[in-house]
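The structure file work_22.csv is reproduced below (CSV, N, CA, C and O atoms).
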chain,number,residue,atom,x,y,z
A,27,MET,N,-3.7,-16.7,-9.4
A,27,MET,CA,-2.4,-16.4,-8.9
A,27,MET,C,-2.0,-17.6,-8.0
A,27,MET,O,-2.8,-18.0,-7.1
A,28,ARG,N,-0.9,-18.2,-8.3
A,28,ARG,CA,-0.4,-19.3,-7.4
A,28,ARG,C,0.3,-18.8,-6.2
A,28,ARG,O,0.9,-17.8,-6.2
A,29,LYS,N,0.1,-19.6,-5.1
A,29,LYS,CA,0.7,-19.2,-3.8
A,29,LYS,C,2.3,-19.2,-4.0
A,29,LYS,O,2.9,-18.4,-3.3
A,30,SER,N,2.8,-20.0,-4.8
A,30,SER,CA,4.3,-20.0,-5.0
A,30,SER,C,4.8,-18.7,-5.6
A,30,SER,O,6.0,-18.4,-5.6
A,31,ASP,N,3.9,-17.9,-6.3
A,31,ASP,CA,4.3,-16.6,-6.9
A,31,ASP,C,4.2,-15.5,-5.9
A,31,ASP,O,4.6,-14.4,-6.2
A,32,ILE,N,3.8,-15.7,-4.7
A,32,ILE,CA,3.6,-14.6,-3.7
A,32,ILE,C,4.7,-14.6,-2.7
A,32,ILE,O,5.1,-15.6,-2.2
A,33,VAL,N,5.2,-13.4,-2.5
A,33,VAL,CA,6.3,-13.2,-1.5
A,33,VAL,C,5.8,-12.2,-0.4
A,33,VAL,O,4.9,-11.4,-0.7
A,34,LEU,N,6.3,-12.3,0.8
A,34,LEU,CA,6.0,-11.4,1.9
A,34,LEU,C,7.2,-10.5,2.2
A,34,LEU,O,8.3,-11.0,2.4
A,35,SER,N,6.9,-9.2,2.2
A,35,SER,CA,8.0,-8.3,2.6
A,35,SER,C,7.5,-7.6,3.9
A,35,SER,O,6.4,-7.3,4.1
A,36,ASN,N,8.5,-7.3,4.8
A,36,ASN,CA,8.2,-6.7,6.0
A,36,ASN,C,8.9,-5.3,6.1
A,36,ASN,O,10.0,-5.1,5.6
A,37,PHE,N,8.1,-4.3,6.6
A,37,PHE,CA,8.6,-3.0,6.8
A,37,PHE,C,8.4,-2.5,8.2
A,37,PHE,O,7.5,-3.1,8.9
A,38,LEU,N,9.0,-1.4,8.6
A,38,LEU,CA,8.9,-0.8,9.9
A,38,LEU,C,9.0,-1.9,11.0
A,38,LEU,O,8.1,-2.1,11.9
A,39,ASP,N,10.1,-2.6,11.0
A,39,ASP,CA,10.4,-3.6,12.0
A,39,ASP,C,9.3,-4.7,12.1
A,39,ASP,O,9.0,-5.1,13.2
A,40,GLY,N,8.8,-5.0,11.0
A,40,GLY,CA,7.8,-6.1,11.0
A,40,GLY,C,6.4,-5.6,11.3
A,40,GLY,O,5.4,-6.5,11.3
A,41,ARG,N,6.1,-4.4,11.5
A,41,ARG,CA,4.8,-3.9,11.8
A,41,ARG,C,3.9,-3.8,10.6
A,41,ARG,O,2.7,-3.7,10.7
A,42,VAL,N,4.5,-3.7,9.4
A,42,VAL,CA,3.8,-3.7,8.1
A,42,VAL,C,4.3,-4.9,7.3
A,42,VAL,O,5.5,-5.0,7.0
A,43,LYS,N,3.4,-5.8,6.9
A,43,LYS,CA,3.7,-6.9,6.1
A,43,LYS,C,2.9,-6.8,4.8
A,43,LYS,O,1.7,-6.6,4.8
A,44,ILE,N,3.6,-6.9,3.7
A,44,ILE,CA,3.0,-6.7,2.4
A,44,ILE,C,3.2,-7.9,1.6
A,44,ILE,O,4.3,-8.4,1.4
A,45,TYR,N,2.1,-8.5,1.1
A,45,TYR,CA,2.2,-9.6,0.1
A,45,TYR,C,2.2,-9.0,-1.3
A,45,TYR,O,1.4,-8.1,-1.6
A,46,GLN,N,3.1,-9.6,-2.1
A,46,GLN,CA,3.1,-9.2,-3.5
A,46,GLN,C,3.4,-10.4,-4.4
A,46,GLN,O,4.0,-11.3,-4.0
A,47,SER,N,3.0,-10.3,-5.6
A,47,SER,CA,3.2,-11.3,-6.6
A,47,SER,C,4.5,-11.1,-7.3
A,47,SER,O,4.8,-9.9,-7.7
A,48,GLN,N,5.2,-12.1,-7.6
A,48,GLN,CA,6.5,-12.0,-8.3
A,48,GLN,C,6.2,-11.8,-9.8
A,48,GLN,O,7.0,-11.5,-10.6
A,49,LYS,N,4.9,-12.1,-10.2
A,49,LYS,CA,4.5,-12.0,-11.6
A,49,LYS,C,3.8,-10.6,-12.0
A,49,LYS,O,3.6,-10.4,-13.1
A,50,ALA,N,3.6,-9.8,-11.0
A,50,ALA,CA,2.9,-8.5,-11.2
A,50,ALA,C,4.0,-7.4,-10.9
A,50,ALA,O,5.1,-7.7,-10.4
A,51,PHE,N,3.6,-6.2,-11.2
A,51,PHE,CA,4.4,-5.0,-10.9
A,51,PHE,C,4.7,-5.0,-9.4
A,51,PHE,O,3.8,-5.2,-8.5
A,52,LYS,N,6.0,-4.9,-9.0
A,52,LYS,CA,6.4,-4.9,-7.6
A,52,LYS,C,6.7,-3.4,-7.2
A,52,LYS,O,7.3,-2.7,-8.0
A,53,PHE,N,6.5,-3.1,-6.0
A,53,PHE,CA,6.8,-1.7,-5.5
A,53,PHE,C,8.3,-1.6,-5.5
A,53,PHE,O,9.1,-2.5,-5.5
A,54,CYS,N,8.7,-0.3,-5.6
A,54,CYS,CA,10.2,0.0,-5.7
A,54,CYS,C,10.4,1.3,-5.0
A,54,CYS,O,9.6,1.8,-4.3
A,55,THR,N,11.6,1.8,-5.2
A,55,THR,CA,12.0,3.1,-4.5
A,55,THR,C,11.0,4.2,-4.8
A,55,THR,O,10.7,5.0,-4.0
A,56,ASP,N,10.5,4.2,-6.1
A,56,ASP,CA,9.5,5.3,-6.5
A,56,ASP,C,8.3,5.2,-5.6
A,56,ASP,O,7.7,6.3,-5.3
A,57,THR,N,7.9,4.1,-5.2
A,57,THR,CA,6.7,3.9,-4.3
A,57,THR,C,6.9,4.7,-3.0
A,57,THR,O,6.1,5.4,-2.5
A,58,PHE,N,8.1,4.5,-2.4
A,58,PHE,CA,8.4,5.2,-1.1
A,58,PHE,C,8.6,6.7,-1.3
A,58,PHE,O,8.3,7.5,-0.5
A,59,LEU,N,9.2,7.1,-2.5
A,59,LEU,CA,9.3,8.5,-2.7
A,59,LEU,C,7.9,9.2,-2.9
A,59,LEU,O,7.7,10.2,-2.3
A,60,PHE,N,7.0,8.5,-3.6
A,60,PHE,CA,5.7,9.0,-3.7
A,60,PHE,C,5.0,9.1,-2.3
A,60,PHE,O,4.3,10.0,-2.0
A,61,PHE,N,5.1,8.0,-1.6
A,61,PHE,CA,4.5,8.0,-0.2
A,61,PHE,C,5.0,9.2,0.6
A,61,PHE,O,4.2,9.9,1.2
A,62,ASN,N,6.3,9.4,0.6
A,62,ASN,CA,6.8,10.6,1.3
A,62,ASN,C,6.3,11.9,0.9
A,62,ASN,O,5.9,12.8,1.7
A,63,PHE,N,6.1,12.1,-0.5
A,63,PHE,CA,5.6,13.3,-1.0
A,63,PHE,C,4.1,13.5,-0.5
A,63,PHE,O,3.7,14.5,-0.1
A,64,VAL,N,3.3,12.4,-0.6
A,64,VAL,CA,1.9,12.5,-0.1
A,64,VAL,C,1.9,12.8,1.4
A,64,VAL,O,1.1,13.6,1.8
A,65,ALA,N,2.6,12.0,2.1
A,65,ALA,CA,2.6,12.2,3.6
A,65,ALA,C,3.0,13.6,4.0
A,65,ALA,O,2.4,14.1,5.0
A,66,GLU,N,3.9,14.2,3.3
A,66,GLU,CA,4.4,15.5,3.7
A,66,GLU,C,3.3,16.6,3.5
A,66,GLU,O,3.3,17.7,4.0
A,67,ASN,N,2.3,16.2,2.6
A,67,ASN,CA,1.3,17.2,2.3
A,67,ASN,C,-0.1,16.9,2.9
A,67,ASN,O,-1.1,17.5,2.5
A,68,LEU,N,-0.1,16.0,3.9
A,68,LEU,CA,-1.3,15.7,4.6
A,68,LEU,C,-1.3,16.2,6.0
A,68,LEU,O,-0.3,16.3,6.6
A,69,LYS,N,-2.5,16.5,6.5
A,69,LYS,CA,-2.6,16.9,7.9
A,69,LYS,C,-2.9,15.7,8.8
A,69,LYS,O,-2.7,15.7,10.0
A,70,GLY,N,-3.5,14.7,8.1
A,70,GLY,CA,-3.8,13.4,8.9
A,70,GLY,C,-5.2,13.1,9.1
A,70,GLY,O,-5.5,12.0,9.7
A,71,TYR,N,-6.1,13.9,8.6
A,71,TYR,CA,-7.5,13.6,8.9
A,71,TYR,C,-8.3,13.7,7.6
A,71,TYR,O,-9.6,13.6,7.6
A,72,GLU,N,-7.7,13.8,6.4
A,72,GLU,CA,-8.4,13.9,5.2
A,72,GLU,C,-9.0,12.6,4.7
A,72,GLU,O,-8.8,11.6,5.3
A,73,LYS,N,-9.6,12.7,3.5
A,73,LYS,CA,-10.1,11.5,2.8
A,73,LYS,C,-9.2,11.3,1.6
A,73,LYS,O,-8.9,12.3,0.9
A,74,VAL,N,-8.8,10.1,1.4
A,74,VAL,CA,-7.8,9.8,0.3
A,74,VAL,C,-8.3,8.7,-0.5
A,74,VAL,O,-8.9,7.7,0.0
A,75,ILE,N,-8.2,8.8,-1.8
A,75,ILE,CA,-8.5,7.8,-2.8
A,75,ILE,C,-7.2,7.4,-3.5
A,75,ILE,O,-6.6,8.3,-4.1
A,76,GLU,N,-6.9,6.1,-3.5
A,76,GLU,CA,-5.7,5.7,-4.2
A,76,GLU,C,-6.2,4.8,-5.4
A,76,GLU,O,-6.8,3.8,-5.2
A,77,ILE,N,-6.1,5.3,-6.6
A,77,ILE,CA,-6.5,4.6,-7.8
A,77,ILE,C,-5.3,3.9,-8.4
A,77,ILE,O,-4.3,4.6,-8.7
A,78,GLY,N,-5.4,2.6,-8.6
A,78,GLY,CA,-4.2,1.9,-9.1
A,78,GLY,C,-3.3,1.5,-7.9
A,78,GLY,O,-2.1,1.6,-8.0
A,79,CYS,N,-3.9,1.0,-6.9
A,79,CYS,CA,-3.2,0.8,-5.6
A,79,CYS,C,-2.3,-0.4,-5.6
A,79,CYS,O,-1.4,-0.6,-4.8
A,80,GLY,N,-2.5,-1.3,-6.6
A,80,GLY,CA,-1.7,-2.5,-6.6
A,80,GLY,C,-1.9,-3.3,-5.4
A,80,GLY,O,-3.0,-3.6,-5.0
A,81,VAL,N,-0.8,-3.6,-4.6
A,81,VAL,CA,-1.0,-4.4,-3.4
A,81,VAL,C,-1.2,-3.5,-2.2
A,81,VAL,O,-1.3,-4.0,-1.1
A,82,GLY,N,-1.4,-2.2,-2.4
A,82,GLY,CA,-1.9,-1.3,-1.3
A,82,GLY,C,-0.8,-0.8,-0.4
A,82,GLY,O,-1.1,-0.2,0.6
A,83,LEU,N,0.5,-0.8,-0.8
A,83,LEU,CA,1.5,-0.4,0.1
A,83,LEU,C,1.4,1.1,0.5
A,83,LEU,O,1.5,1.4,1.7
A,84,ILE,N,1.1,2.0,-0.4
A,84,ILE,CA,1.0,3.4,-0.1
A,84,ILE,C,-0.2,3.6,0.9
A,84,ILE,O,0.0,4.3,1.9
A,85,SER,N,-1.3,3.0,0.6
A,85,SER,CA,-2.5,3.2,1.5
A,85,SER,C,-2.2,2.6,2.9
A,85,SER,O,-2.6,3.2,3.9
A,86,ILE,N,-1.6,1.5,2.9
A,86,ILE,CA,-1.3,0.9,4.2
A,86,ILE,C,-0.3,1.7,5.0
A,86,ILE,O,-0.5,1.9,6.2
A,87,LEU,N,0.7,2.2,4.4
A,87,LEU,CA,1.7,3.1,5.1
A,87,LEU,C,1.1,4.4,5.5
A,87,LEU,O,1.4,4.9,6.6
A,88,LEU,N,0.2,5.0,4.7
A,88,LEU,CA,-0.5,6.2,5.1
A,88,LEU,C,-1.3,6.0,6.3
A,88,LEU,O,-1.4,6.8,7.2
A,89,LYS,N,-2.1,4.9,6.3
A,89,LYS,CA,-2.9,4.6,7.5
A,89,LYS,C,-2.1,4.3,8.7
A,89,LYS,O,-2.6,4.7,9.8
A,90,LYS,N,-0.9,3.7,8.6
A,90,LYS,CA,-0.1,3.5,9.8
A,90,LYS,C,0.4,4.9,10.3
A,90,LYS,O,0.4,5.1,11.5
A,91,ARG,N,0.7,5.8,9.4
A,91,ARG,CA,1.2,7.1,9.8
A,91,ARG,C,0.1,8.0,10.3
A,91,ARG,O,0.3,8.8,11.3
A,92,PHE,N,-1.0,7.9,9.7
A,92,PHE,CA,-2.2,8.8,10.0
A,92,PHE,C,-3.4,8.0,10.2
A,92,PHE,O,-4.3,7.8,9.3
A,93,PRO,N,-3.6,7.4,11.4
A,93,PRO,CA,-4.7,6.5,11.7
A,93,PRO,C,-6.1,7.1,11.5
A,93,PRO,O,-7.0,6.4,11.2
A,94,ARG,N,-6.2,8.5,11.5
A,94,ARG,CA,-7.5,9.1,11.3
A,94,ARG,C,-7.9,9.3,9.8
A,94,ARG,O,-9.0,9.7,9.5
A,95,LEU,N,-7.0,9.0,8.9
A,95,LEU,CA,-7.3,9.1,7.5
A,95,LEU,C,-8.4,8.1,7.1
A,95,LEU,O,-8.5,7.0,7.6
A,96,LYS,N,-9.2,8.6,6.2
A,96,LYS,CA,-10.2,7.7,5.5
A,96,LYS,C,-9.6,7.4,4.2
A,96,LYS,O,-9.4,8.3,3.4
A,97,ILE,N,-9.4,6.1,3.9
A,97,ILE,CA,-8.7,5.7,2.6
A,97,ILE,C,-9.6,4.7,1.9
A,97,ILE,O,-10.0,3.7,2.4
A,98,TRP,N,-9.7,5.0,0.6
A,98,TRP,CA,-10.3,4.0,-0.4
A,98,TRP,C,-9.3,3.7,-1.4
A,98,TRP,O,-8.7,4.6,-2.0
A,99,ALA,N,-9.0,2.4,-1.6
A,99,ALA,CA,-8.0,2.0,-2.6
A,99,ALA,C,-8.6,1.1,-3.6
A,99,ALA,O,-9.4,0.2,-3.3
A,100,PHE,N,-8.3,1.4,-4.9
A,100,PHE,CA,-8.9,0.7,-6.0
A,100,PHE,C,-7.8,0.2,-7.0
A,100,PHE,O,-6.8,0.8,-7.1
A,101,ASP,N,-8.1,-1.0,-7.6
A,101,ASP,CA,-7.2,-1.4,-8.6
A,101,ASP,C,-8.1,-2.3,-9.6
A,101,ASP,O,-9.0,-2.9,-9.1
A,102,ILE,N,-7.7,-2.3,-10.8
A,102,ILE,CA,-8.4,-3.1,-11.8
A,102,ILE,C,-8.1,-4.6,-11.7
A,102,ILE,O,-8.9,-5.4,-12.2
A,103,GLN,N,-7.0,-5.0,-11.1
A,103,GLN,CA,-6.6,-6.3,-11.0
A,103,GLN,C,-7.1,-6.9,-9.7
A,103,GLN,O,-6.5,-6.6,-8.6
A,104,ASP,N,-8.0,-7.8,-9.7
A,104,ASP,CA,-8.6,-8.4,-8.5
A,104,ASP,C,-7.6,-9.2,-7.7
A,104,ASP,O,-7.7,-9.2,-6.5
A,105,ASP,N,-6.6,-9.8,-8.4
A,105,ASP,CA,-5.6,-10.6,-7.6
A,105,ASP,C,-4.8,-9.6,-6.7
A,105,ASP,O,-4.4,-10.0,-5.6
A,106,LEU,N,-4.5,-8.4,-7.2
A,106,LEU,CA,-3.7,-7.5,-6.4
A,106,LEU,C,-4.6,-6.9,-5.3
A,106,LEU,O,-4.1,-6.7,-4.2
A,107,ILE,N,-5.8,-6.7,-5.5
A,107,ILE,CA,-6.7,-6.3,-4.4
A,107,ILE,C,-6.8,-7.3,-3.3
A,107,ILE,O,-6.8,-7.0,-2.1
A,108,ASP,N,-6.8,-8.6,-3.7
A,108,ASP,CA,-6.8,-9.7,-2.7
A,108,ASP,C,-5.6,-9.6,-1.9
A,108,ASP,O,-5.6,-9.8,-0.7
A,109,LEU,N,-4.4,-9.4,-2.5
A,109,LEU,CA,-3.2,-9.3,-1.8
A,109,LEU,C,-3.2,-8.1,-0.9
A,109,LEU,O,-2.7,-8.1,0.3
A,110,ALA,N,-3.7,-7.0,-1.3
A,110,ALA,CA,-3.8,-5.8,-0.5
A,110,ALA,C,-4.7,-6.1,0.8
A,110,ALA,O,-4.3,-5.7,1.9
A,111,LYS,N,-5.8,-6.7,0.6
A,111,LYS,CA,-6.6,-7.1,1.7
A,111,LYS,C,-5.9,-8.0,2.7
A,111,LYS,O,-6.0,-7.9,3.9
A,112,GLU,N,-5.1,-9.0,2.1
A,112,GLU,CA,-4.4,-9.9,3.0
A,112,GLU,C,-3.3,-9.1,3.8
A,112,GLU,O,-3.1,-9.4,4.9
A,113,SER,N,-2.7,-8.1,3.2
A,113,SER,CA,-1.7,-7.3,3.8
A,113,SER,C,-2.3,-6.5,5.0
A,113,SER,O,-1.7,-6.3,6.0

Spell out the structure here as structure tokens.
Amino acid sequence: MRKSDIVLSNFLDGRVKIYQSQKAFKFCTDTFLFFNFVAENLKGYEKVIEIGCGVGLISILLKKRFPRLKIWAFDIQDDLIDLAKES
């Protein structure tokens, strides 16, 4: 993945920075709808596995909202995992 393909998006007044590739699937409104659904059904101390995490936006937002969560995020695309780690 070339650096020129990567864009940085900021959320929560800059407290969350997400790197994503313009050449891969990008998060959209559905991502935030799913995040809200999951967040409404958590108590905040569970263990969560996100399979197909992409650039990790849902896992990162969940960890921001629920710092005590234990989260494991997986994706088949190594480039996207690298971006999730960077974020």

TODO: Provide the atom C of Asp31 (chain A) to CA of Ile44 (chain A) distance in Å, to one decimal place.
DONE: 12.2 Å

- [ ] Step one, run DSSP on the backbone; step two, keep only residues of region 54-103 of chain A assigned to helix (DSSP H, G or I); then write them as a list in words.
- [x] Thr55, Asp56, Thr57, Phe58, Leu59, Phe60, Phe61, Asn62, Phe63, Val64, Ala65, Glu66, Leu83, Ile84, Ser85, Ile86, Leu87, Leu88, Lys89, Lys90 and Arg91 of chain A

- [ ] Kindly give the distance, in Å, that separates atom C of Ile32 (chain A) and atom O of Ser47 (chain A), rounded to a single decimal.
- [x] 6.9 Å

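The residue set within 12 Å of Ile102 (chain A), counting only C-alpha atoms and dropping same-chain residues fewer than 3 places from it, reads Glu76, Ile77, Gly78, Cys79, Gly80, Val81, Ala99, Asp105, Leu106, Ile107 and Asp108 of chain A.
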
- [ ] Please run DSSP on the backbone and report, as a count of residues only, all residues within chain A that come out as strand (DSSP E).
- [x] 22

Open item on the list: For a quick check of understanding, using only N, CA, C and O atoms, which of A:Ile84, A:Asp39, A:Ser113, A:Ser30 has the smallest distance to Phe60 (chain A)?
Closed with: A:Ile84

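Among A:Gly82, A:Ile97, A:Gly70, A:Arg91, the residue with the shortest atom-to-atom distance to Lys43 (chain A), counting only C-alpha atoms, is A:Gly82.
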
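Rounded to one decimal, CA of Phe51 (chain A) and CA of Glu72 (chain A) lie 27.9 Å from each other.
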
TODO: Considering only C-alpha atoms, state which residue in the set A:Ala110, A:Leu88, A:Leu95, A:Leu34 is at the smallest distance from Phe63 (chain A).
DONE: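 Distance minimum relative to Phe63 (chain A) lands on A:Leu88.
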
Open item on the list: Counting only N, CA, C and O atoms, which residue out of A:Ala65, A:Leu59, A:Phe53, A:Lys73 sits closest to Trp98 (chain A)?
Closed with: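 Smallest separation from Trp98 (chain A) among the options: A:Lys73.
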